[in-house]
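Engineer: One structure, as structure tokens, below. Some questions next.
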Amino acid sequence: MRMAKKLRTILKSGLLIALSIILALGYIVAVPPSTVLALQLQNRGLYIQDSKPGAVTRHSFQFSYASPDAVGSVVIEYCTNPFLELTCNAPAGVDASGAVLADQTGETGFSILSATSNRLVLMRTASAPTVSPSRYVFDNVVNPTGTPDTFYVRISTYASGDGSGSYIDFGAVVNSTTTAIHVSSEVPPILKFCVGLVLADDCSTADDSVIDLGDLTTTRVAYGSSQMIAATNAEFGLAISVYGTTMTSGNNIISPLANPTVSAPGNAQFGLNLRLNSDPAVGANPTGIGITAPTARYDTPNRFAFVSGDTVATSSAATDSRKFTSSYIVNISPSQPPGVYTATLTYVCAATF
Amino acid sequence: MKKIARVVSLLLAVMALVSVSSMSVSAQSNGLGISPRKDYTVQPGKTVKDTLYIRNLSLNQDLQVNIRIIDFGAANETGAPALQLDDKLPQTPWSLKPFVKIQDSVKIAAGKSANVPVTITIPEKQGAGSYYSAVEYTAKNPETKEKVNIAASTASLMFVTVPGEANEKLALKDFGMFVSNLKDESKGDFKSFYLGSTPKEFAYRLQNTGNIAEQPTGSLIVKNMFGATVKEVTDANPKKQLVLIGQTRRIQACLKTSVLDSKDPNVQQSPAQNATCDDPGLLPGRYTAQIALYYGLNGNNSQEILASTSFWYVPWWSIIVLAVAIVLIILLIWLIRRAFSGRRTRYRH
């Protein structure tokens with residue numbers, strides 16, 4: 001008994017000690033997070049005259065030297081990431097091997113020592129920089145090819161005349177290849193959207209736009225449903241919003257539910273959700289292999305809400321088809337003025353950005 | 001008469017009843033396929049002509065589409081647009097409405113598509129910056145009384161960059177490891193201590209106070225407590241998300257991503273790919289993440305944002321393993337001490 005109690009105490013202590021050791025080790029051994037790099041080239045920029053992929057064009061680099069140390073060479077390197085400590089992988093298709101130094105201003109006297117497909121080395125007799133900013137213009141540079149994308153250029157200065165040794169200043173610039181206009185035919189990406197009372201999975205039948213809620217009484221809820229399907233292969237995803245009015249008759253309305261609320265006959269309520277409900281028994285959960293999901297306000301069974309302009313479902317990435325069933329409820333209070341009540345809801349599906 | 005009779009009976013009975021008659025209504029297509037987004041770079045004084053693709057998804061109903069240009073902004077920290085459907089709202093400072101010409105309606109036969117011409121003309125003296133609006137396509141349905149009418153509408157987001165010396169300004173508000181709210185994409189929490197759970201995702205929040213909708217790019221590296229780089233994320237904005245003018249935007253990315261190909265037979269073009277965050281395979285310990293973000297128009301200075309953050313990863317198994325090792329050591333020490341004190345007692349006797 002005493003032994004068992006002792007063992008339990010040892011075990012608890014062991015766990016506490018283990019956790020403490022792990023935390024302590026981390027603080028003792030950890031390298032302090034690095035602060036902002038000190039020797040940064042300032043006011044850096046890259047201008048590409050023709051930014052089409054694969055274009056043979058002019059690249060103009062501008063920057064200001066930060067340190068007063070004598071500079072004998074400048075290395076300009078095209079990479080897919082900006083971190084100096086990581087391997088520089090050349091953007092596909094870029095070719096600076098035929099680059100010509102067409103102009104230089106500011107700190108001058110440079111000539112091209114070497115030029116490979118993604119690396120240029122400029123050299124001069126080492127001297128301390130006194131003029132800023134400086135600009136170096138290269139003709140006959142081939143842009144990265146392929147789909148328009150972003151790339152980086154690492155620029156570093158050296159005391160040596162050949163880009164070797166420790167760098168004095170460093171900085172990266174970013175630019176991208178672009179297309180001027182888009183092809184105007186059926187090309188991806190595409191966003192597809194349909195609404196109706198009952199939909200085929202491919203939206204091939206997407207009609208019937210009217211929901212009949214039947215008679216409204218104070219003793220039971222009126223309900224109905226509609227469906228919508230959304231899909232996109234655009235990488236940024238989509239958002240479905242609902243716009244419109246609550247049930248309205250002239251100047252009289254049935255109050256919309258601003259927050260998710262249970263159905264309560266005898267109270268003025270208009271709301272919807274995108275889930276399977278039991279009270280009332282209406283609706284269905286989202287189906288399909290897509291990743292679009294209802295937003296929080298419309299994602300609780302038996303809780304209904306309606307705020308015009310609300311986003312009711314979103315996807316932050318490309319998504320396969322997802323079918324949603326909107327469930328609507330209407331309750332009225334004894335003081336609800338008589339009349340003919342109508343609501344018009346527009347579901348708007350747009351790409352996200 | 002039925003309605004009037006009901007009203008009379010209502011007055012007598014002091015009860016509210018709303019009559020709804022079940023009329024049949026002729027149906028129109030409510031299914032559209034469109035180009036979700038268009039991006040242009042247009043010099044001042046120049047014109048761009050393009051076409052916008054619209055497809056009628058219904059195989060048995062024609063589609064009558066109303067087209068108009070509407071403004072939008074950011075709904076929140078995500079990329080959902082807040083569309084301004086009300087014509088009475090003032091035009092946004094970045095609106096494309098003054099520069100765009102497009103027809104106001106088109107009719108598309110069942111199962112067919114159309115390419116609607118659009119022209120964007122930027123005035124000669126227009127300042128550099130981002131201008132954006134949405135092209136809204138609304139399926140036109142006859143409205144009926146006494147019912148809930150629903151309609152489908154889609155919107156293509158249109159972004160135009162006018163190059164030149166622009167005011168470009170992004171400020172980093174937050175950076176760190178992040179845990180998304182699976183129920184609500186717009187929410188989540190920054191986290192720096194993972195006890196049991198696995199760090200898979202990082203995020204940063206950028207506030208745009210310039211006049212260009214920026215698309216930051218950058219990379220991230222993760223170093224362990226010995227200073228060795230253990231993870232590289234080449235693209236810190238893999239979905240090419242934008243930070244709109246005036247928006248504070250949260251951008252998230254995975255430490256390790258796996259991509260699932262689409263199995264949906266209804267996706268007719270290139271398959272949709274669903275990227276998910278995978279376990280990055282980190283060992284227990286303290287880590288430092290460093291991020292370098294860049295933005296800047298062609299010809300403008302490249303703007304750079306550098307930041308670092310640290311986080312702990314302590315899986316349960318590491319605590320248990322270490323605890324067992326410590327317990328064994330303590331037990332060993334105890335046994336040794338017991339053995340020695342036993343011997344001393346025998347020698348005394």
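Ordering of the structure tokens sets the chain letters (A, B, ...), residue numbers begin anew at 1 in every chain, and ligands are numbered from 1 in the order given.
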Excluding segment 254-260 of chain B and residues on its chain fewer than 3 positions from it, collect all residues at most 10 Å away from it, counting only C-alpha atoms, and give them as number ranges by chain.
Structural biologist: B: 177-178, 199-203, 220-222, 231-238, 263, 271-281
Engineer: Would you mind exporting the chosen residues as a PDB file, in the first residue's frame, restricted to N, CA and C atoms?
Structural biologist:
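Below is the file result11.pdb, written as the result:
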ATOM      1  N   MET B 177       1.314  31.176 -35.613  1.00  0.00           N
ATOM      2  CA  MET B 177       0.649  29.913 -35.929  1.00  0.00           C
ATOM      3  C   MET B 177      -0.831  30.093 -35.654  1.00  0.00           C
ATOM      4  N   PHE B 178      -1.632  29.330 -36.393  1.00  0.00           N
ATOM      5  CA  PHE B 178      -3.069  29.635 -36.398  1.00  0.00           C
ATOM      6  C   PHE B 178      -3.873  28.353 -36.370  1.00  0.00           C
ATOM      7  N   PRO B 199       0.780  21.686 -34.818  1.00  0.00           N
ATOM      8  CA  PRO B 199       0.737  22.945 -35.578  1.00  0.00           C
ATOM      9  C   PRO B 199       0.790  22.650 -37.068  1.00  0.00           C
ATOM     10  N   LYS B 200      -0.213  23.128 -37.806  1.00  0.00           N
ATOM     11  CA  LYS B 200      -0.270  22.826 -39.233  1.00  0.00           C
ATOM     12  C   LYS B 200      -0.350  24.085 -40.094  1.00  0.00           C
ATOM     13  N   GLU B 201      -0.760  25.184 -39.491  1.00  0.00           N
ATOM     14  CA  GLU B 201      -1.130  26.336 -40.304  1.00  0.00           C
ATOM     15  C   GLU B 201      -0.576  27.604 -39.668  1.00  0.00           C
ATOM     16  N   PHE B 202      -0.171  28.562 -40.491  1.00  0.00           N
ATOM     17  CA  PHE B 202       0.196  29.871 -39.966  1.00  0.00           C
ATOM     18  C   PHE B 202      -0.676  30.923 -40.635  1.00  0.00           C
ATOM     19  N   ALA B 203      -0.706  32.097 -40.045  1.00  0.00           N
ATOM     20  CA  ALA B 203      -1.534  33.172 -40.606  1.00  0.00           C
ATOM     21  C   ALA B 203      -0.901  34.515 -40.302  1.00  0.00           C
ATOM     22  N   LEU B 220       8.209  31.549 -46.058  1.00  0.00           N
ATOM     23  CA  LEU B 220       8.324  31.373 -44.610  1.00  0.00           C
ATOM     24  C   LEU B 220       9.281  30.230 -44.335  1.00  0.00           C
ATOM     25  N   ILE B 221      10.094  30.394 -43.284  1.00  0.00           N
ATOM     26  CA  ILE B 221      10.938  29.282 -42.852  1.00  0.00           C
ATOM     27  C   ILE B 221      10.702  29.054 -41.371  1.00  0.00           C
ATOM     28  N   VAL B 222      10.841  27.796 -40.962  1.00  0.00           N
ATOM     29  CA  VAL B 222      10.686  27.420 -39.558  1.00  0.00           C
ATOM     30  C   VAL B 222      12.013  26.830 -39.093  1.00  0.00           C
ATOM     31  N   LYS B 231      11.628  23.587 -41.902  1.00  0.00           N
ATOM     32  CA  LYS B 231      10.498  23.656 -42.826  1.00  0.00           C
ATOM     33  C   LYS B 231      10.642  24.904 -43.687  1.00  0.00           C
ATOM     34  N   GLU B 232      10.335  24.763 -44.969  1.00  0.00           N
ATOM     35  CA  GLU B 232      10.314  25.916 -45.861  1.00  0.00           C
ATOM     36  C   GLU B 232       8.946  25.973 -46.519  1.00  0.00           C
ATOM     37  N   VAL B 233       8.336  27.124 -46.490  1.00  0.00           N
ATOM     38  CA  VAL B 233       7.097  27.328 -47.243  1.00  0.00           C
ATOM     39  C   VAL B 233       7.425  28.357 -48.315  1.00  0.00           C
ATOM     40  N   THR B 234       7.513  27.906 -49.547  1.00  0.00           N
ATOM     41  CA  THR B 234       7.959  28.797 -50.625  1.00  0.00           C
ATOM     42  C   THR B 234       6.943  29.896 -50.894  1.00  0.00           C
ATOM     43  N   ASP B 235       5.678  29.573 -50.805  1.00  0.00           N
ATOM     44  CA  ASP B 235       4.641  30.535 -51.147  1.00  0.00           C
ATOM     45  C   ASP B 235       3.762  30.780 -49.918  1.00  0.00           C
ATOM     46  N   ALA B 236       3.913  31.954 -49.322  1.00  0.00           N
ATOM     47  CA  ALA B 236       3.145  32.276 -48.116  1.00  0.00           C
ATOM     48  C   ALA B 236       1.745  32.777 -48.453  1.00  0.00           C
ATOM     49  N   ASN B 237       1.433  32.922 -49.718  1.00  0.00           N
ATOM     50  CA  ASN B 237       0.080  33.317 -50.130  1.00  0.00           C
ATOM     51  C   ASN B 237      -0.298  32.434 -51.310  1.00  0.00           C
ATOM     52  N   PRO B 238      -0.501  31.138 -51.067  1.00  0.00           N
ATOM     53  CA  PRO B 238      -0.657  30.186 -52.174  1.00  0.00           C
ATOM     54  C   PRO B 238      -1.924  30.399 -52.991  1.00  0.00           C
ATOM     55  N   LYS B 263     -13.140  14.426 -57.633  1.00  0.00           N
ATOM     56  CA  LYS B 263     -13.796  13.213 -58.122  1.00  0.00           C
ATOM     57  C   LYS B 263     -15.197  13.539 -58.638  1.00  0.00           C
ATOM     58  N   PRO B 271      -9.838  19.796 -63.110  1.00  0.00           N
ATOM     59  CA  PRO B 271     -10.465  19.349 -61.857  1.00  0.00           C
ATOM     60  C   PRO B 271     -10.181  20.301 -60.709  1.00  0.00           C
ATOM     61  N   ALA B 272     -11.198  20.505 -59.874  1.00  0.00           N
ATOM     62  CA  ALA B 272     -11.011  21.314 -58.672  1.00  0.00           C
ATOM     63  C   ALA B 272     -10.107  20.544 -57.739  1.00  0.00           C
ATOM     64  N   GLN B 273      -9.184  21.242 -57.107  1.00  0.00           N
ATOM     65  CA  GLN B 273      -8.263  20.563 -56.208  1.00  0.00           C
ATOM     66  C   GLN B 273      -8.452  21.121 -54.815  1.00  0.00           C
ATOM     67  N   ASN B 274      -8.660  20.258 -53.877  1.00  0.00           N
ATOM     68  CA  ASN B 274      -8.863  20.668 -52.504  1.00  0.00           C
ATOM     69  C   ASN B 274      -7.569  20.461 -51.752  1.00  0.00           C
ATOM     70  N   ALA B 275      -6.964  21.569 -51.323  1.00  0.00           N
ATOM     71  CA  ALA B 275      -5.726  21.489 -50.575  1.00  0.00           C
ATOM     72  C   ALA B 275      -6.060  21.401 -49.106  1.00  0.00           C
ATOM     73  N   THR B 276      -5.394  20.515 -48.405  1.00  0.00           N
ATOM     74  CA  THR B 276      -5.577  20.423 -46.961  1.00  0.00           C
ATOM     75  C   THR B 276      -4.219  20.517 -46.296  1.00  0.00           C
ATOM     76  N   CYS B 277      -4.239  20.962 -45.035  1.00  0.00           N
ATOM     77  CA  CYS B 277      -3.010  21.081 -44.265  1.00  0.00           C
ATOM     78  C   CYS B 277      -2.668  19.711 -43.689  1.00  0.00           C
ATOM     79  N   ASP B 278      -1.468  19.284 -43.959  1.00  0.00           N
ATOM     80  CA  ASP B 278      -0.994  17.994 -43.461  1.00  0.00           C
ATOM     81  C   ASP B 278      -0.139  18.164 -42.215  1.00  0.00           C
ATOM     82  N   ASP B 279       0.104  17.066 -41.534  1.00  0.00           N
ATOM     83  CA  ASP B 279       1.026  17.072 -40.403  1.00  0.00           C
ATOM     84  C   ASP B 279       2.427  17.365 -40.935  1.00  0.00           C
ATOM     85  N   PRO B 280       3.073  18.448 -40.476  1.00  0.00           N
ATOM     86  CA  PRO B 280       4.392  18.784 -41.029  1.00  0.00           C
ATOM     87  C   PRO B 280       5.516  17.909 -40.495  1.00  0.00           C
ATOM     88  N   GLY B 281       5.220  17.050 -39.548  1.00  0.00           N
ATOM     89  CA  GLY B 281       6.234  16.116 -39.060  1.00  0.00           C
ATOM     90  C   GLY B 281       7.271  16.753 -38.161  1.00  0.00           C
TER      91      GLY B 281
END
Engineer: Write down as a PyMOL selection string the residues belonging to segment 186-268 of chain B that are assigned strand (DSSP E) by DSSP computed on the backbone.
Structural biologist: chain B and resi 188-191+193-195+201-208+217-223+229-233+248-254+257-260
Engineer: Limited to N, CA, C and O atoms, could you put the picked residues into a file as a short mmCIF file (atom, residue, chain, number, x, y, z; two decimals), in the first residue's frame?
Structural biologist:
data_model
loop_
_atom_site.label_atom_id
_atom_site.label_comp_id
_atom_site.auth_asym_id
_atom_site.auth_seq_id
_atom_site.Cartn_x
_atom_site.Cartn_y
_atom_site.Cartn_z
N GLY B 188 -10.98 32.15 -36.10
CA GLY B 188 -9.88 31.27 -35.75
C GLY B 188 -9.05 31.95 -34.69
O GLY B 188 -9.33 33.09 -34.29
N ASP B 189 -8.01 31.28 -34.23
CA ASP B 189 -7.19 31.84 -33.16
C ASP B 189 -5.72 31.67 -33.46
O ASP B 189 -5.29 30.61 -33.95
N PHE B 190 -4.95 32.70 -33.13
CA PHE B 190 -3.50 32.55 -33.14
C PHE B 190 -3.10 31.75 -31.91
O PHE B 190 -3.67 31.91 -30.84
N LYS B 191 -2.09 30.91 -32.08
CA LYS B 191 -1.72 29.99 -31.00
C LYS B 191 -0.21 29.87 -30.96
O LYS B 191 0.45 29.83 -32.00
N PHE B 193 1.25 27.73 -28.27
CA PHE B 193 1.60 26.55 -27.48
C PHE B 193 0.69 25.42 -27.89
O PHE B 193 -0.52 25.46 -27.68
N TYR B 194 1.26 24.38 -28.46
CA TYR B 194 0.50 23.23 -28.93
C TYR B 194 0.77 22.06 -27.99
O TYR B 194 1.81 21.42 -28.09
N LEU B 195 -0.16 21.82 -27.10
CA LEU B 195 -0.03 20.70 -26.18
C LEU B 195 -0.97 19.60 -26.68
O LEU B 195 -2.18 19.68 -26.54
N GLU B 201 -0.76 25.18 -39.49
CA GLU B 201 -1.13 26.34 -40.30
C GLU B 201 -0.58 27.60 -39.67
O GLU B 201 -0.51 27.70 -38.44
N PHE B 202 -0.17 28.56 -40.49
CA PHE B 202 0.20 29.87 -39.97
C PHE B 202 -0.68 30.92 -40.63
O PHE B 202 -1.30 30.67 -41.67
N ALA B 203 -0.71 32.10 -40.05
CA ALA B 203 -1.53 33.17 -40.61
C ALA B 203 -0.90 34.52 -40.30
O ALA B 203 -0.09 34.65 -39.37
N TYR B 204 -1.28 35.49 -41.10
CA TYR B 204 -0.85 36.85 -40.84
C TYR B 204 -1.99 37.78 -41.26
O TYR B 204 -2.77 37.46 -42.15
N ARG B 205 -2.06 38.91 -40.57
CA ARG B 205 -3.11 39.90 -40.87
C ARG B 205 -2.45 41.16 -41.38
O ARG B 205 -1.55 41.70 -40.73
N LEU B 206 -2.91 41.62 -42.51
CA LEU B 206 -2.35 42.81 -43.14
C LEU B 206 -3.43 43.87 -43.29
O LEU B 206 -4.55 43.57 -43.72
N GLN B 207 -3.09 45.09 -42.96
CA GLN B 207 -4.02 46.20 -43.13
C GLN B 207 -3.55 47.05 -44.30
O GLN B 207 -2.37 47.45 -44.36
N ASN B 208 -4.46 47.33 -45.22
CA ASN B 208 -4.13 48.08 -46.43
C ASN B 208 -4.60 49.53 -46.28
O ASN B 208 -5.80 49.80 -46.26
N THR B 217 3.20 38.56 -51.68
CA THR B 217 3.84 37.26 -51.89
C THR B 217 4.96 37.13 -50.87
O THR B 217 5.36 38.12 -50.26
N GLY B 218 5.44 35.93 -50.70
CA GLY B 218 6.54 35.78 -49.76
C GLY B 218 6.78 34.33 -49.42
O GLY B 218 6.17 33.43 -50.00
N SER B 219 7.70 34.15 -48.50
CA SER B 219 8.07 32.81 -48.07
C SER B 219 8.20 32.78 -46.57
O SER B 219 8.28 33.83 -45.91
N LEU B 220 8.21 31.55 -46.06
CA LEU B 220 8.32 31.37 -44.61
C LEU B 220 9.28 30.23 -44.34
O LEU B 220 9.31 29.24 -45.08
N ILE B 221 10.09 30.39 -43.28
CA ILE B 221 10.94 29.28 -42.85
C ILE B 221 10.70 29.05 -41.37
O ILE B 221 10.39 29.98 -40.62
N VAL B 222 10.84 27.80 -40.96
CA VAL B 222 10.69 27.42 -39.56
C VAL B 222 12.01 26.83 -39.09
O VAL B 222 12.56 25.92 -39.75
N LYS B 223 12.51 27.36 -37.99
CA LYS B 223 13.77 26.85 -37.43
C LYS B 223 13.49 26.21 -36.09
O LYS B 223 12.65 26.70 -35.33
N THR B 229 17.06 25.07 -40.03
CA THR B 229 15.79 25.23 -40.77
C THR B 229 15.17 23.86 -40.99
O THR B 229 15.79 22.98 -41.57
N VAL B 230 13.95 23.69 -40.51
CA VAL B 230 13.29 22.39 -40.61
C VAL B 230 12.12 22.41 -41.58
O VAL B 230 11.64 21.36 -42.02
N LYS B 231 11.63 23.59 -41.90
CA LYS B 231 10.50 23.66 -42.83
C LYS B 231 10.64 24.90 -43.69
O LYS B 231 11.03 25.96 -43.19
N GLU B 232 10.33 24.76 -44.97
CA GLU B 232 10.31 25.92 -45.86
C GLU B 232 8.95 25.97 -46.52
O GLU B 232 8.47 24.96 -47.04
N VAL B 233 8.34 27.12 -46.49
CA VAL B 233 7.10 27.33 -47.24
C VAL B 233 7.43 28.36 -48.32
O VAL B 233 7.62 29.53 -48.02
N THR B 248 -8.52 44.99 -43.56
CA THR B 248 -7.56 44.19 -42.80
C THR B 248 -7.87 42.74 -43.14
O THR B 248 -8.95 42.25 -42.85
N ARG B 249 -6.92 42.08 -43.77
CA ARG B 249 -7.15 40.75 -44.32
C ARG B 249 -6.30 39.73 -43.60
O ARG B 249 -5.11 39.97 -43.37
N ARG B 250 -6.89 38.60 -43.28
CA ARG B 250 -6.12 37.50 -42.71
C ARG B 250 -5.84 36.50 -43.83
O ARG B 250 -6.76 36.08 -44.53
N ILE B 251 -4.58 36.16 -43.99
CA ILE B 251 -4.17 35.18 -45.00
C ILE B 251 -3.55 34.00 -44.27
O ILE B 251 -2.71 34.19 -43.38
N GLN B 252 -3.97 32.81 -44.64
CA GLN B 252 -3.48 31.60 -43.97
C GLN B 252 -2.82 30.69 -44.99
O GLN B 252 -3.15 30.69 -46.18
N ALA B 253 -1.88 29.91 -44.53
CA ALA B 253 -1.24 28.93 -45.40
C ALA B 253 -0.77 27.76 -44.54
O ALA B 253 -0.55 27.91 -43.33
N CYS B 254 -0.60 26.62 -45.17
CA CYS B 254 -0.21 25.41 -44.45
C CYS B 254 1.31 25.30 -44.39
O CYS B 254 2.00 25.74 -45.30
N THR B 257 1.25 21.02 -47.35
CA THR B 257 -0.03 20.93 -48.03
C THR B 257 -0.12 19.64 -48.81
O THR B 257 0.85 19.21 -49.44
N SER B 258 -1.29 19.01 -48.75
CA SER B 258 -1.53 17.90 -49.66
C SER B 258 -2.76 18.27 -50.47
O SER B 258 -3.66 18.96 -50.00
N VAL B 259 -2.78 17.83 -51.71
CA VAL B 259 -3.83 18.24 -52.64
C VAL B 259 -4.58 17.02 -53.10
O VAL B 259 -4.00 16.02 -53.52
N LEU B 260 -5.93 17.09 -53.00
CA LEU B 260 -6.77 15.99 -53.45
C LEU B 260 -7.40 16.36 -54.78
O LEU B 260 -7.96 17.42 -54.94
#
Engineer: Would you write out, as JSON lines, a table of all residues in segment 121-140 of chain A that have an atom no more than 12 Å from an atom of segment 77-94 of chain A, listing for each the closest atom pair and the distance in Å to one decimal, considering only C-alpha atoms and ordering rows by chain and rising residue number?
Structural biologist:
{"residue": "A:Val121", "atom": "CA", "partner": "A:Glu77", "partner_atom": "CA", "distance": 8.6}
{"residue": "A:Leu122", "atom": "CA", "partner": "A:Glu77", "partner_atom": "CA", "distance": 11.3}
{"residue": "A:Asn140", "atom": "CA", "partner": "A:Val94", "partner_atom": "CA", "distance": 11.2}
Engineer: Nearest to Val42 of chain B: which of B:Val321, B:Leu282, B:Leu157, B:Ile120 is it, counting only C-alpha atoms?
Structural biologist: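 Nearest candidate to Val42 of chain B out of B:Val321, B:Leu282, B:Leu157, B:Ile120: B:Ile120.
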Engineer: So what do you get for atom CA of Gly246 of chain B versus atom CA of Asn181 of chain B, distance-wise?
Structural biologist: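 The value is 24.6 Å.
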Engineer: When distances are computed from only C-alpha atoms, which of A:Thr319, A:Ser263, A:Thr147, A:Ser160 shows the smallest separation from chain B?
Structural biologist: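 So, comparing all the options, the nearest one is A:Thr319.
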Engineer: In Å, how far is it from atom CA of Ser117 of chain A to atom CA of Ala55 of chain A?
Structural biologist: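 Atom-to-atom, atom CA of Ser117 of chain A and atom CA of Ala55 of chain A are spaced 14.3 Å apart.
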